[in-house]
>>> print(open('target30.cif').read())   # mmCIF, C-alpha atoms and all ligand atoms
data_structure
loop_
_atom_site.label_atom_id
_atom_site.label_comp_id
_atom_site.auth_asym_id
_atom_site.auth_seq_id
_atom_site.Cartn_x
_atom_site.Cartn_y
_atom_site.Cartn_z
CA MET Q 1 7.31 19.16 -11.56
CA SER Q 2 6.61 19.17 -7.85
CA LEU Q 3 5.78 16.11 -5.82
CA VAL Q 4 4.10 18.18 -3.18
CA ALA Q 5 0.34 18.24 -3.50
CA SER Q 6 -1.39 21.49 -4.25
CA TYR Q 7 -3.28 21.33 -0.99
CA PRO Q 8 -1.55 20.52 2.28
CA ARG Q 9 -2.49 17.52 4.33
CA ARG Q 10 -4.36 18.49 7.43
CA ALA Q 11 -1.71 18.74 10.11
CA GLY Q 12 -2.95 18.02 13.62
CA GLN Q 13 -6.22 16.49 12.48
CA PRO Q 14 -7.54 13.08 11.64
CA TYR Q 15 -8.36 12.32 8.04
CA VAL Q 16 -11.30 14.36 6.79
CA PRO Q 17 -11.95 14.44 3.07
CA ASP Q 18 -11.35 18.06 2.09
CA ARG Q 19 -13.21 17.83 -1.17
CA PRO Q 20 -16.40 16.09 -2.15
CA PHE Q 21 -16.22 12.41 -1.31
CA GLN Q 22 -14.49 10.53 -4.04
CA GLU Q 23 -13.36 6.95 -3.89
CA ALA Q 24 -10.10 6.05 -5.56
CA VAL Q 25 -10.88 2.35 -5.54
CA ARG Q 26 -14.31 0.79 -5.44
CA LEU Q 27 -14.91 -2.92 -5.00
CA ARG Q 28 -18.41 -4.35 -5.23
CA ALA Q 29 -19.33 -7.94 -4.40
CA VAL Q 30 -15.85 -9.15 -5.29
CA SER Q 31 -15.31 -12.88 -4.84
CA LYS Q 32 -12.44 -15.03 -5.96
CA ILE Q 33 -12.20 -18.79 -6.22
CA TYR Q 34 -8.88 -20.35 -7.19
CA GLU Q 35 -8.82 -23.67 -8.94
CA THR Q 36 -5.61 -25.52 -8.22
CA GLU Q 37 -3.89 -27.82 -10.67
CA SER Q 38 -4.99 -30.83 -8.63
CA GLY Q 39 -8.61 -29.79 -9.20
CA GLU Q 40 -9.33 -28.40 -5.74
CA THR Q 41 -11.08 -25.08 -5.32
CA VAL Q 42 -9.98 -22.44 -2.83
CA HIS Q 43 -12.53 -19.81 -1.93
CA ALA Q 44 -10.14 -16.93 -1.31
CA LEU Q 45 -12.46 -13.91 -1.18
CA SER Q 46 -16.18 -13.63 -0.58
CA ASN Q 47 -18.38 -10.65 -1.33
CA ILE Q 48 -15.88 -7.85 -0.71
CA ASN Q 49 -17.46 -4.40 -0.74
CA LEU Q 50 -14.91 -1.70 -0.10
CA ASP Q 51 -14.21 1.89 -1.05
CA VAL Q 52 -10.76 3.35 -0.67
CA ARG Q 53 -11.20 7.10 -0.46
CA SER Q 54 -9.10 9.42 -2.50
CA GLY Q 55 -6.04 10.50 -0.53
CA GLU Q 56 -6.73 8.05 2.27
CA PHE Q 57 -4.18 5.79 3.95
CA LEU Q 58 -5.99 2.49 4.34
CA SER Q 59 -4.49 -0.36 6.34
CA VAL Q 60 -5.65 -3.94 5.84
CA ILE Q 61 -5.15 -6.67 8.43
CA GLY Q 62 -6.27 -10.27 8.68
CA ALA Q 63 -4.97 -13.76 9.36
CA SER Q 64 -2.44 -15.36 7.05
CA GLY Q 65 -4.17 -16.85 4.02
CA CYS Q 66 -7.32 -14.73 4.35
CA GLY Q 67 -6.94 -13.28 0.85
CA LYS Q 68 -5.20 -9.93 1.42
CA THR Q 69 -2.65 -10.39 -1.36
CA THR Q 70 -5.36 -11.73 -3.65
CA LEU Q 71 -7.35 -8.55 -3.02
CA LEU Q 72 -4.33 -6.36 -3.72
CA ARG Q 73 -3.57 -8.28 -6.92
CA ILE Q 74 -7.16 -7.83 -8.08
CA ILE Q 75 -6.94 -4.07 -7.48
CA ALA Q 76 -3.58 -4.01 -9.29
CA GLY Q 77 -5.05 -5.73 -12.34
CA LEU Q 78 -2.75 -8.72 -11.83
CA GLU Q 79 -5.50 -11.21 -11.04
CA GLY Q 80 -8.29 -12.04 -13.44
CA GLY Q 81 -11.13 -14.50 -13.10
CA TYR Q 82 -12.98 -12.94 -10.18
CA ASP Q 83 -16.64 -12.12 -9.68
CA GLY Q 84 -17.88 -8.65 -8.89
CA GLU Q 85 -16.82 -5.20 -9.93
CA LEU Q 86 -13.68 -3.16 -9.54
CA SER Q 87 -13.26 0.43 -10.48
CA LEU Q 88 -10.33 2.66 -9.96
CA ARG Q 89 -11.08 6.36 -10.05
CA GLY Q 90 -13.90 5.52 -12.40
CA ASP Q 91 -11.56 3.96 -14.92
CA SER Q 92 -12.04 0.52 -16.38
CA ALA Q 93 -9.95 -2.30 -15.01
CA SER Q 94 -7.83 -2.31 -18.18
CA GLN Q 95 -6.39 1.11 -17.31
CA VAL Q 96 -5.56 0.07 -13.79
CA ARG Q 97 -1.89 -0.60 -14.35
CA ARG Q 98 -1.17 3.01 -15.18
CA ASN Q 99 -2.93 4.12 -12.02
CA VAL Q 100 -1.27 1.92 -9.43
CA GLY Q 101 2.19 1.51 -8.00
CA ILE Q 102 3.02 -1.66 -6.09
CA VAL Q 103 5.45 -2.35 -3.27
CA PHE Q 104 5.94 -5.97 -2.19
CA GLN Q 105 7.56 -7.41 0.91
CA ASP Q 106 10.76 -8.01 -1.03
CA SER Q 107 12.09 -5.01 -2.85
CA ASN Q 108 12.59 -7.10 -6.03
CA LEU Q 109 15.14 -4.70 -7.48
CA LEU Q 110 16.92 -5.90 -10.59
CA PRO Q 111 20.51 -6.61 -9.52
CA TRP Q 112 22.03 -5.66 -12.87
CA ARG Q 113 20.43 -2.22 -12.92
CA ASN Q 114 21.65 0.65 -10.82
CA ILE Q 115 19.30 2.47 -8.45
CA LEU Q 116 18.26 5.15 -10.95
CA GLN Q 117 17.61 2.54 -13.64
CA ASN Q 118 15.58 0.45 -11.18
CA VAL Q 119 13.42 3.42 -10.23
CA LEU Q 120 12.88 4.22 -13.92
CA LEU Q 121 11.63 0.74 -14.82
CA PRO Q 122 7.84 1.33 -14.65
CA ALA Q 123 8.22 4.56 -16.63
CA GLN Q 124 10.05 2.59 -19.32
CA VAL Q 125 7.45 -0.16 -19.39
CA LEU Q 126 4.72 2.47 -19.75
CA ARG Q 127 6.81 4.34 -22.36
CA LEU Q 128 6.63 7.66 -20.53
CA ASP Q 129 8.72 10.63 -21.53
CA ARG Q 130 12.30 9.76 -20.62
CA ARG Q 131 13.53 13.20 -19.67
CA ALA Q 132 10.56 13.92 -17.39
CA SER Q 133 10.83 10.45 -15.86
CA ILE Q 134 14.50 10.89 -15.04
CA GLU Q 135 13.73 14.21 -13.38
CA ARG Q 136 10.96 12.62 -11.36
CA ALA Q 137 13.12 9.61 -10.44
CA HIS Q 138 15.75 11.97 -9.04
CA GLU Q 139 13.11 13.82 -7.01
CA LEU Q 140 11.76 10.55 -5.64
CA ILE Q 141 15.19 9.19 -4.76
CA GLU Q 142 15.76 12.39 -2.82
CA LEU Q 143 12.32 12.11 -1.21
CA VAL Q 144 13.11 8.62 0.10
CA GLY Q 145 16.37 9.95 1.51
CA LEU Q 146 18.81 8.30 -0.91
CA LYS Q 147 20.12 11.19 -2.94
CA GLY Q 148 23.66 10.30 -4.00
CA PHE Q 149 22.88 6.58 -4.38
CA GLU Q 150 21.59 6.83 -7.97
CA HIS Q 151 24.54 5.01 -9.48
CA LYS Q 152 24.94 2.36 -6.79
CA TYR Q 153 23.68 -1.17 -7.30
CA PRO Q 154 21.11 -2.98 -5.13
CA TYR Q 155 23.74 -5.20 -3.45
CA GLU Q 156 25.40 -2.04 -2.11
CA LEU Q 157 22.26 -1.04 -0.17
CA SER Q 158 20.79 -2.27 3.12
CA GLY Q 159 17.36 -3.95 3.20
CA GLY Q 160 15.71 -0.74 4.42
CA MET Q 161 17.39 1.29 1.68
CA ARG Q 162 16.28 -1.19 -0.97
CA GLN Q 163 12.73 -0.97 0.27
CA ARG Q 164 12.87 2.84 0.05
CA ILE Q 165 13.97 2.47 -3.54
CA SER Q 166 11.11 0.11 -4.29
CA ILE Q 167 8.75 2.80 -2.96
CA ALA Q 168 10.36 5.39 -5.24
CA ARG Q 169 10.01 2.93 -8.15
CA ALA Q 170 6.32 2.42 -7.34
CA LEU Q 171 5.75 6.18 -7.54
CA VAL Q 172 7.78 7.04 -10.64
CA HIS Q 173 4.86 6.92 -13.07
CA ASP Q 174 2.84 9.09 -10.67
CA PRO Q 175 0.06 6.58 -9.98
CA ALA Q 176 -2.98 7.73 -8.02
CA VAL Q 177 -2.91 4.64 -5.82
CA LEU Q 178 -0.01 3.05 -4.00
CA LEU Q 179 -0.56 -0.61 -3.12
CA MET Q 180 1.76 -2.08 -0.50
CA ASP Q 181 1.85 -5.74 0.54
CA GLU Q 182 3.62 -6.05 3.89
CA PRO Q 183 6.21 -3.53 2.75
CA PHE Q 184 8.13 -3.68 6.03
CA GLY Q 185 7.77 -7.40 6.68
CA ALA Q 186 11.38 -8.22 5.84
CA LEU Q 187 12.89 -5.43 7.95
CA ASP Q 188 14.18 -5.54 11.51
CA ALA Q 189 12.03 -3.89 14.19
CA LEU Q 190 14.06 -0.68 14.48
CA THR Q 191 14.31 -0.10 10.73
CA ARG Q 192 10.63 -0.87 10.48
CA GLU Q 193 9.69 1.92 12.92
CA VAL Q 194 11.87 4.41 11.08
CA MET Q 195 10.34 3.34 7.77
CA ASN Q 196 6.79 3.74 9.13
CA VAL Q 197 7.48 7.39 9.89
CA GLU Q 198 9.33 7.88 6.59
CA VAL Q 199 6.51 6.42 4.53
CA LEU Q 200 3.98 8.64 6.29
CA LYS Q 201 6.11 11.63 5.32
CA ILE Q 202 6.24 10.44 1.72
CA TRP Q 203 2.48 9.94 1.72
CA GLU Q 204 1.98 13.41 3.17
CA ALA Q 205 4.25 14.92 0.52
CA THR Q 206 2.73 13.12 -2.45
CA ASN Q 207 -0.91 12.85 -1.37
CA LYS Q 208 -1.36 9.39 -2.82
CA THR Q 209 -4.13 7.00 -1.94
CA VAL Q 210 -2.53 4.13 -0.05
CA PHE Q 211 -3.76 0.56 0.40
CA MET Q 212 -1.33 -1.17 2.76
CA ILE Q 213 -1.45 -4.77 3.93
CA THR Q 214 0.29 -5.47 7.21
CA HIS Q 215 0.43 -8.19 9.87
CA SER Q 216 1.17 -5.61 12.53
CA ILE Q 217 -1.85 -4.19 14.34
CA SER Q 218 0.17 -1.31 15.75
CA GLU Q 219 1.57 -0.44 12.31
CA ALA Q 220 -1.94 -0.52 10.84
CA VAL Q 221 -3.17 1.94 13.48
CA PHE Q 222 -0.07 4.12 13.51
CA MET Q 223 -0.19 4.69 9.78
CA GLY Q 224 -3.81 4.36 8.77
CA ASP Q 225 -6.74 6.73 8.47
CA ARG Q 226 -8.81 3.59 8.57
CA VAL Q 227 -8.15 -0.08 9.25
CA VAL Q 228 -10.02 -2.83 7.42
CA VAL Q 229 -10.20 -6.16 9.22
CA MET Q 230 -10.62 -9.30 7.13
CA SER Q 231 -11.92 -12.68 8.30
CA PRO Q 232 -10.05 -15.94 7.72
CA ARG Q 233 -10.70 -17.69 4.43
CA PRO Q 234 -12.84 -16.96 2.59
CA GLY Q 235 -11.76 -13.40 3.21
CA ARG Q 236 -14.57 -11.00 4.01
CA VAL Q 237 -14.46 -7.50 5.41
CA VAL Q 238 -15.56 -7.94 9.02
CA ALA Q 239 -14.89 -4.41 10.27
CA GLU Q 240 -13.71 -0.98 9.23
CA VAL Q 241 -12.32 1.19 11.99
CA ASP Q 242 -11.67 4.91 11.51
CA ILE Q 243 -8.46 5.95 13.25
CA ALA Q 244 -9.04 9.45 14.58
CA LEU Q 245 -5.48 10.04 15.78
CA PRO Q 246 -4.09 13.46 14.94
CA ARG Q 247 -1.46 13.89 12.24
CA PRO Q 248 1.36 14.19 11.77
CA ARG Q 249 1.93 11.03 13.79
CA ASN Q 250 5.22 10.36 15.44
CA ILE Q 251 6.82 8.08 17.99
CA GLU Q 252 4.81 9.74 20.80
CA THR Q 253 1.61 8.65 19.08
CA LEU Q 254 2.58 5.08 19.99
CA SER Q 255 2.50 5.72 23.73
CA GLY Q 256 -0.88 7.47 23.83
CA GLU Q 257 -4.03 6.01 25.41
CA ALA Q 258 -6.06 6.41 22.24
CA PHE Q 259 -3.48 4.40 20.33
CA ALA Q 260 -3.71 1.56 22.86
CA ALA Q 261 -7.51 1.65 22.70
CA TYR Q 262 -7.46 1.22 18.90
CA THR Q 263 -4.98 -1.64 18.96
CA GLY Q 264 -7.04 -3.36 21.68
CA GLN Q 265 -10.22 -2.93 19.66
CA LEU Q 266 -8.60 -4.38 16.54
CA ARG Q 267 -7.16 -7.32 18.44
CA ARG Q 268 -10.67 -8.17 19.65
CA LEU Q 269 -12.10 -7.78 16.15
CA LEU Q 270 -9.48 -10.13 14.72
CA ASP Q 271 -10.40 -12.66 17.42
CA ILE Q 272 -14.10 -12.35 16.67
CA GLY Q 273 -13.35 -12.83 12.96
CA SER Q 274 -11.48 -16.05 13.73
CA SER Q 275 -14.12 -17.48 16.05
CA ARG Q 276 -16.84 -16.75 13.49
CA LYS Q 277 -14.94 -18.82 11.04
CA GLU Q 278 -14.53 -21.66 13.54
CA GLY Q 279 -18.24 -21.61 14.29
CA ALA Q 280 -19.18 -21.53 10.61
N1 LIG Q 301 -2.48 -18.91 -7.49
C1 LIG Q 301 -3.16 -19.55 -6.52
N2 LIG Q 301 -3.70 -20.77 -6.74
C2 LIG Q 301 -4.40 -21.39 -5.78
N3 LIG Q 301 -4.64 -20.89 -4.55
C3 LIG Q 301 -4.11 -19.70 -4.28
C4 LIG Q 301 -3.35 -18.96 -5.23
N4 LIG Q 301 -2.96 -17.79 -4.67
C5 LIG Q 301 -3.47 -17.80 -3.42
N5 LIG Q 301 -4.15 -18.93 -3.17
C6 LIG Q 301 -4.86 -19.29 -1.94
O1 LIG Q 301 -5.79 -18.26 -1.66
C7 LIG Q 301 -5.81 -17.99 -0.26
C8 LIG Q 301 -5.51 -16.53 -0.04
O2 LIG Q 301 -4.15 -16.29 -0.37
P1 LIG Q 301 -3.46 -14.86 -0.18
O3 LIG Q 301 -2.08 -14.97 -0.66
O4 LIG Q 301 -4.33 -13.84 -0.81
O5 LIG Q 301 -3.52 -14.69 1.40
P2 LIG Q 301 -2.89 -13.56 2.34
O6 LIG Q 301 -3.98 -13.03 3.21
O7 LIG Q 301 -2.15 -12.59 1.53
O8 LIG Q 301 -1.88 -14.40 3.25
P3 LIG Q 301 -0.49 -13.94 3.95
O9 LIG Q 301 -0.88 -13.04 5.08
O10 LIG Q 301 0.08 -15.23 4.43
O11 LIG Q 301 0.32 -13.27 2.90
C9 LIG Q 301 -4.83 -18.94 0.37
O12 LIG Q 301 -5.53 -20.05 0.85
C10 LIG Q 301 -3.93 -19.35 -0.76
O13 LIG Q 301 -3.46 -20.66 -0.58
MG MG Q 302 -0.13 -12.06 1.40
#
>>> encode(input="target30.cif", output="structure tokens", more="lines below")
Ligand SMILES: Nc1ncnc2c1ncn2[C@@H]1O[C@H](COP(=O)(O)OP(=O)(O)OP(=O)(O)O)[C@@H](O)[C@H]1O
Ligand SMILES: [Mg+2]
Amino acid sequence: MSLVASYPRRAGQPYVPDRPFQEAVRLRAVSKIYETESGETVHALSNINLDVRSGEFLSVIGASGCGKTTLLRIIAGLEGGYDGELSLRGDSASQVRRNVGIVFQDSNLLPWRNILQNVLLPAQVLRLDRRASIERAHELIELVGLKGFEHKYPYELSGGMRQRISIARALVHDPAVLLMDEPFGALDALTREVMNVEVLKIWEATNKTVFMITHSISEAVFMGDRVVVMSPRPGRVVAEVDIALPRPRNIETLSGEAFAAYTGQLRRLLDIGSSRKEGA
């Protein structure tokens, strides 16, 4: 089994779908209202219409509390009780779990399981073939640069290493879509930059569709084919910006003029989103 996609990602070019347009995730008129135990209602999301294209790296930014995690949880099938429609590669919401892998801010590895056993967890939950899963887990551990650590325990790894393992775990059942919620939020700045580049390499090797939430505008631009900007609560999509920076991207990308122009544009869009809310 090879992790490398049958068609190479387009080196030196921005994202261009190389097959007929196909969305991996489709959200139509999705709204979510939470009812708290004290009887209050929180309007978390309002009328979200969004397609995540197959193979795309989509970054999502927006103020704290604007509903990003709620949106990710809806896509992941972890959040019920919403209005609107979700489809994932045309499948019904009930099949979603098989089709997504999730990476949270904290690696959430089980301390009593070694690294290999942690990576295997989703495959066990989904009752996938054990032999094939072990083979794939080894490939993924190598892909995230931790070959040789299979029999170590989480406490023996650094924060960055643990987060790499949580990415391997999210991919072990070969989901079409990788959902990441501030995956680098708990890392120091230097580790974070290294991880940005590493995750792009993993994405390029596996050709997954990625939906990544981040608080960092520069990370959103550096990694994304497209950046979705959400308004403060109730979260709405206020802008979608295509990032036409060539790939593969590297540290030099960060010092280019085009990169600065995109981050400036997004900063202004986030500001406009906030002032709209204030004026509402
Ligand atoms: N289980 C819940 N019950 C009630 N309200 C909730 C629940 N989960 C989230 N909320 C509320 O919904 C809103 C959106 O929360 P969410 O966690 O999606 O925001 P976010 O954009 O991910 O924020 P952050 O950037 O801080 O992670 C917030 O006002 C939050 O308080
Ligand atoms: Mg969140």
>>> axis_aligned_box(input="target30.cif", around="ligand LIG 301 (chain Q)", padding_each_side="5 Å", output="JSON")
{"center_x": -2.7, "center_y": -17.0, "center_z": -1.2, "size_x": 16.1, "size_y": 18.8, "size_z": 22.6}
>>> closest_residue(input="target30.cif", among="Q:Asp51, Q:Glu79, Q:Asp174, Q:Glu182", to="Ser31 (chain Q)", atoms="all atoms listed in the file")
Q:Glu79
>>> atom_distance(input="target30.cif", atom1="CA of Gly67 (chain Q)", atom2="CA of Arg26 (chain Q)")
17.1 Å
>>> residues_around(input="target30.cif", residues="Gly256 (chain Q)", least_positions_apart="4", cutoff="12 Å", atoms="only C-alpha atoms", output="PyMOL selection string")
chain Q and resi 218+221-222+245-246+249-252+260-263
>>> closest_residue(input="target30.cif", among="Q:Val30, Q:Leu58, Q:Val100, Q:Ile213", to="ligand LIG 301 (chain Q)", atoms="all atoms listed in the file")
Q:Ile213
